[in-house]
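Text of protein24.txt, listed as compact mmCIF, C-alpha atoms and all ligand atoms:
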# COMPACT_ATOMS: atom_id res chain seq x y z
CA MET X 454 -174.82 102.76 83.09
CA GLN X 455 -175.59 105.06 80.17
CA LEU X 456 -173.64 108.33 80.47
CA GLU X 457 -175.11 109.81 77.29
CA PRO X 458 -177.25 108.32 74.54
CA GLY X 459 -175.11 105.55 73.01
CA LEU X 460 -172.29 105.98 75.55
CA HIS X 461 -172.31 103.13 78.06
CA PHE X 462 -169.88 102.76 80.94
CA PHE X 463 -169.55 99.39 82.67
CA GLN X 464 -167.32 99.75 85.73
CA ASP X 465 -165.67 96.62 87.10
CA TYR X 466 -167.00 94.62 84.15
CA LEU X 467 -164.14 92.10 84.38
CA LYS X 468 -163.24 90.03 87.46
CA GLY X 469 -159.66 90.20 88.74
CA GLU X 470 -158.74 86.79 87.42
CA ARG X 471 -160.05 87.59 83.94
CA GLN X 472 -158.11 90.88 83.96
CA ARG X 473 -154.86 89.06 84.81
CA ASP X 474 -155.52 86.49 82.12
CA LEU X 475 -156.20 89.17 79.48
CA TRP X 476 -153.16 91.15 80.61
CA ALA X 477 -150.92 88.09 80.19
CA THR X 478 -152.34 87.51 76.69
CA CYS X 479 -151.76 91.17 75.73
CA ARG X 480 -148.20 91.09 77.10
CA ALA X 481 -147.42 87.87 75.19
CA LEU X 482 -148.87 89.28 71.96
CA ALA X 483 -146.94 92.56 72.38
CA ASP X 484 -143.66 90.66 72.81
CA GLY X 485 -144.49 88.00 70.18
CA PRO X 486 -143.43 87.40 66.58
CA VAL X 487 -145.48 90.37 65.32
CA PRO X 488 -144.48 92.87 67.99
CA MET X 489 -146.08 96.00 69.28
CA TYR X 490 -144.45 99.20 67.99
CA SER X 491 -144.88 102.97 68.22
CA PRO X 492 -146.38 104.21 64.95
CA THR X 493 -145.22 107.34 63.21
CA VAL X 494 -148.26 109.20 61.95
CA ARG X 495 -148.82 111.34 58.87
CA GLY X 496 -146.88 114.52 59.55
CA GLY X 497 -143.96 112.60 61.04
CA LYS X 498 -144.77 112.55 64.76
CA LYS X 499 -144.17 109.35 66.67
CA MET X 500 -147.07 108.29 68.88
CA SER X 501 -146.29 107.90 72.59
CA VAL X 502 -148.33 104.69 72.83
CA GLY X 503 -147.29 101.25 71.65
CA MET X 504 -149.73 99.67 69.19
CA LEU X 505 -150.54 96.20 67.96
CA CYS X 506 -153.53 95.63 65.70
CA LEU X 507 -155.23 92.23 65.63
CA GLY X 508 -157.42 91.05 62.73
CA ARG X 509 -156.73 94.12 60.55
CA HIS X 510 -153.94 96.69 60.72
CA TRP X 511 -154.50 100.43 61.07
CA ASN X 512 -151.98 102.18 58.84
CA ALA X 513 -150.81 105.35 60.62
CA MET X 514 -149.72 106.99 57.36
CA THR X 515 -152.90 106.43 55.33
CA TYR X 516 -155.35 106.25 58.25
CA SER X 517 -156.91 103.16 56.68
CA TYR X 518 -157.14 99.45 57.42
CA GLU X 519 -155.13 96.76 55.65
CA ALA X 520 -154.08 93.11 56.09
CA THR X 521 -150.34 93.72 56.45
CA ARG X 522 -148.37 96.45 58.25
CA SER X 523 -147.22 98.27 55.12
CA ASP X 524 -146.29 101.43 57.08
CA PHE X 525 -143.93 99.50 59.36
CA ASP X 526 -142.56 95.98 58.75
CA SER X 527 -144.95 94.41 56.18
CA LEU X 528 -145.86 91.61 58.60
CA ALA X 529 -149.44 90.36 58.58
CA ALA X 530 -151.65 91.49 61.46
CA PRO X 531 -152.09 88.55 63.88
CA PRO X 532 -155.61 87.10 64.05
CA LEU X 533 -158.15 88.45 66.54
CA PRO X 534 -158.34 85.85 69.35
CA LEU X 535 -161.80 84.28 69.66
CA GLU X 536 -161.99 85.03 73.41
CA PHE X 537 -161.32 88.72 72.65
CA GLU X 538 -164.04 88.79 70.01
CA GLN X 539 -166.56 87.14 72.35
CA LEU X 540 -165.80 89.66 75.11
CA ALA X 541 -166.49 92.59 72.77
CA LEU X 542 -169.66 91.00 71.44
CA ASP X 543 -171.03 90.42 74.94
CA ALA X 544 -170.27 93.97 76.09
CA ALA X 545 -171.88 95.47 72.96
CA GLU X 546 -174.95 93.33 73.51
CA ARG X 547 -175.23 94.48 77.12
CA ALA X 548 -175.37 98.06 75.79
CA GLY X 549 -178.03 97.07 73.25
CA PHE X 550 -175.79 97.01 70.18
CA ALA X 551 -174.87 94.32 67.67
CA LEU X 552 -171.14 94.27 66.90
CA ARG X 553 -169.24 91.88 64.65
CA PRO X 554 -165.70 93.11 65.36
CA ASP X 555 -163.16 92.37 62.67
CA LEU X 556 -160.28 94.00 64.46
CA CYS X 557 -158.91 95.10 67.78
CA ILE X 558 -156.37 97.88 68.33
CA MET X 559 -154.24 97.12 71.37
CA ASN X 560 -152.63 100.26 72.78
CA TYR X 561 -150.00 100.22 75.50
CA TYR X 562 -149.48 103.29 77.70
CA ASP X 563 -146.50 103.82 79.98
CA GLN X 564 -146.57 106.65 82.52
CA ASP X 565 -145.63 109.22 79.86
CA SER X 566 -148.05 108.12 77.13
CA ARG X 567 -150.99 110.23 76.02
CA MET X 568 -153.56 110.18 73.27
CA GLY X 569 -154.59 113.56 71.92
CA VAL X 570 -158.26 114.38 71.47
CA HIS X 571 -159.54 112.84 68.23
CA GLN X 572 -162.48 111.17 66.46
CA ASP X 573 -162.38 107.53 65.35
CA LYS X 574 -163.64 107.83 61.79
CA ASP X 575 -161.39 105.53 59.77
CA GLU X 576 -163.95 102.74 59.67
CA SER X 577 -166.27 102.30 56.66
CA ARG X 578 -169.12 104.69 55.95
CA GLU X 579 -171.59 101.85 56.51
CA SER X 580 -170.14 101.14 59.94
CA LEU X 581 -170.06 104.81 60.97
CA GLU X 582 -173.49 105.69 59.57
CA ALA X 583 -175.09 102.69 61.28
CA GLY X 584 -173.50 103.75 64.58
CA VAL X 585 -171.87 100.35 65.01
CA PRO X 586 -170.14 100.69 68.38
CA ILE X 587 -166.53 100.65 69.49
CA VAL X 588 -165.96 98.58 72.61
CA SER X 589 -163.04 99.63 74.83
CA VAL X 590 -161.49 97.43 77.54
CA SER X 591 -159.08 98.95 80.08
CA LEU X 592 -156.39 96.88 81.85
CA GLY X 593 -153.62 97.90 84.26
CA ASP X 594 -153.00 101.47 85.37
CA THR X 595 -155.87 103.96 85.58
CA ALA X 596 -156.25 106.50 82.75
CA ARG X 597 -157.73 109.95 82.89
CA PHE X 598 -159.95 109.96 79.82
CA VAL X 599 -161.96 112.84 78.35
CA VAL X 600 -165.00 112.59 76.10
CA GLY X 601 -166.59 115.54 74.32
CA GLY X 602 -169.18 116.16 71.65
CA LEU X 603 -169.30 115.86 67.88
CA THR X 604 -167.19 118.98 67.36
CA ARG X 605 -163.82 119.84 68.87
CA ARG X 606 -165.25 123.03 70.40
CA GLU X 607 -167.74 121.35 72.71
CA PRO X 608 -166.65 120.89 76.32
CA THR X 609 -165.25 117.53 77.41
CA ARG X 610 -166.15 115.54 80.49
CA PRO X 611 -163.44 113.68 82.38
CA LEU X 612 -163.75 109.99 83.20
CA MET X 613 -161.38 107.69 85.06
CA LEU X 614 -160.91 104.41 83.20
CA ARG X 615 -159.80 101.75 85.68
CA SER X 616 -158.65 98.22 85.14
CA GLY X 617 -161.61 96.01 84.26
CA ASP X 618 -163.80 98.88 83.02
CA VAL X 619 -165.54 98.61 79.66
CA LEU X 620 -166.84 101.53 77.61
CA VAL X 621 -169.21 101.09 74.66
CA MET X 622 -169.60 103.99 72.23
CA GLY X 623 -172.25 103.55 69.56
CA GLY X 624 -175.24 105.19 67.89
CA VAL X 625 -175.16 108.97 68.13
CA SER X 626 -172.05 108.81 70.38
CA ARG X 627 -169.91 106.89 67.89
CA LEU X 628 -168.17 110.02 66.56
CA ARG X 629 -167.60 111.87 69.81
CA PHE X 630 -164.19 113.47 70.30
CA HIS X 631 -162.14 111.77 73.04
CA GLY X 632 -158.59 111.34 74.33
CA VAL X 633 -156.35 110.15 77.17
CA THR X 634 -154.80 113.03 79.09
CA ARG X 635 -152.80 111.08 81.63
CA ILE X 636 -151.90 107.73 83.14
CA LEU X 637 -151.76 107.27 86.92
CA PRO X 638 -148.65 105.15 87.46
CA GLY X 639 -148.72 102.43 90.08
CA THR X 640 -152.51 102.12 90.13
CA ALA X 641 -152.79 98.73 88.42
CA PRO X 642 -154.29 95.90 90.50
CA PRO X 643 -151.94 93.12 91.70
CA GLY X 644 -150.75 90.95 88.81
CA LEU X 645 -151.23 93.69 86.20
CA GLY X 646 -148.98 96.51 85.08
CA PRO X 647 -146.75 98.33 84.89
CA GLY X 648 -148.58 100.53 82.43
CA ARG X 649 -151.95 100.18 80.76
CA PHE X 650 -153.32 98.15 77.88
CA ASN X 651 -156.44 99.41 76.17
CA LEU X 652 -158.28 97.23 73.68
CA THR X 653 -160.64 98.88 71.19
CA PHE X 654 -162.82 96.54 69.14
CA ARG X 655 -164.08 97.84 65.86
CA GLN X 656 -166.08 96.83 62.81
CA ALA X 657 -164.21 98.27 59.83
C1 LIG X 701 -165.72 107.63 72.91
N1 LIG X 701 -158.21 104.85 72.79
O1 LIG X 701 -157.61 103.75 70.39
S1 LIG X 701 -160.74 104.03 74.42
C2 LIG X 701 -158.28 104.80 70.39
O2 LIG X 701 -158.02 104.58 76.25
C3 LIG X 701 -158.59 105.46 71.68
O3 LIG X 701 -156.72 103.94 74.68
C4 LIG X 701 -158.41 105.41 74.09
O4 LIG X 701 -159.15 106.49 71.67
C5 LIG X 701 -157.68 104.58 75.09
O5 LIG X 701 -158.74 105.33 69.37
C6 LIG X 701 -159.84 105.53 74.43
C7 LIG X 701 -162.34 104.63 74.63
C8 LIG X 701 -163.01 105.23 73.44
C9 LIG X 701 -162.78 104.81 72.14
C10 LIG X 701 -163.52 105.33 71.10
C11 LIG X 701 -164.52 106.27 71.33
C12 LIG X 701 -163.98 106.18 73.68
C13 LIG X 701 -164.73 106.70 72.64
C14 LIG X 701 -165.31 106.78 70.30
C15 LIG X 701 -166.31 107.70 70.59
C16 LIG X 701 -166.50 108.13 71.90
FE FE X 702 -160.09 106.80 69.76
Could you take the file, read its structure, and then write that structure out as structure tokens?
Amino acid sequence: MQLEPGLHFFQDYLKGERQRDLWATCRALADGPVPMYSPTVRGGKKMSVGMLCLGRHWNAMTYSYEATRSDFDSLAAPPLPLEFEQLALDAAERAGFALRPDLCIMNYYDQDSRMGVHQDKDESRESLEAGVPIVSVSLGDTARFVVGGLTRREPTRPLMLRSGDVLVMGGVSRLRFHGVTRILPGTAPPGLGPGRFNLTFRQA
């Protein structure tokens, strides 16, 4: 359903088996040769989430995209798996958007992880101005998510993101402020967890 213009929420988008399969792929990638890590951002604070970028790397010091992880270990970002790309494309299409994702940011939340309220505006001007969507896929534990308006001052609305839910944010909603205020430990379906993986697909 459409929560706001350009903000589409598909609950239970993924079947249980698909969720378990995606979880296993995320876990293997996180523990693989180019491992997940907790970025230190500009200003020196370490993020409480683990991150692994696929396709392109988001540099936490420069807030820009690059091929190799120059703010961390200089390893090349692993490729974006085709099955991931197809999933994002299908979800975007269901919301009425065309998306050619060139990267996915995989975030891992344990029970103490949070993501402060922010805007995602590090993609190209063309991408942002065209309102090319971000597709978000939630796996594992439930997150309490908040989404606001185009300024920090506007009120936020809370939303529970459960395993298998997909959120598409495009058009006039592309630059809404949003964040993750808390993780509900122990809420992952059987075969998933502990913790939460969130995949955000983007067109840089
Ligand atoms: C609404 N991740 O990686 S995804 C991020 O659950 C990020 O891990 C959160 O924010 C998470 O940048 C939220 C859902 C999301 C992503 C981008 C949006 C919602 C959005 C952009 C505009 C409005
Ligand atoms: Fe974000």
From X:Lys498, X:Arg473, X:Arg655, X:Arg597, residue lying nearest His510 in chain X [only C-alpha atoms]: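 The shortest atom-to-atom distance to His510 in chain X comes from X:Arg655.
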Could I get the residue neighbourhood of ligand FE 702 (chain X) at 12 Å, counting all atoms listed in the file, as a PyMOL selection string? chain X and resi 557-560+567-576+586-589+598-601+620-622+627-633+651-655
Who sits within 8 Å of range 474-479 of chain X, only C-alpha atoms, same chain under 2 positions skipped, as a PyMOL selection string: chain X and resi 470-472+481-483+559+592-593+645+650
Taking all atoms listed in the file into account, which of X:Lys468, X:Pro554, X:Gly459, X:Pro492 comes nearest Gly584 in chain X?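 Using all atoms listed in the file, Gly584 in chain X sits closest to X:Gly459.
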Can you measure CA of Ser491 in chain X to CA of Pro647 in chain X for me? One decimal in Å is fine.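 Rounded to one decimal, the two atoms are 17.4 Å apart.
The nearest approach to ligand LIG 701 (chain X) among the residues X:Ala545, X:Leu505, X:Ala551, X:Val590, with all atoms listed in the file taken into account, belongs to X:Val590.
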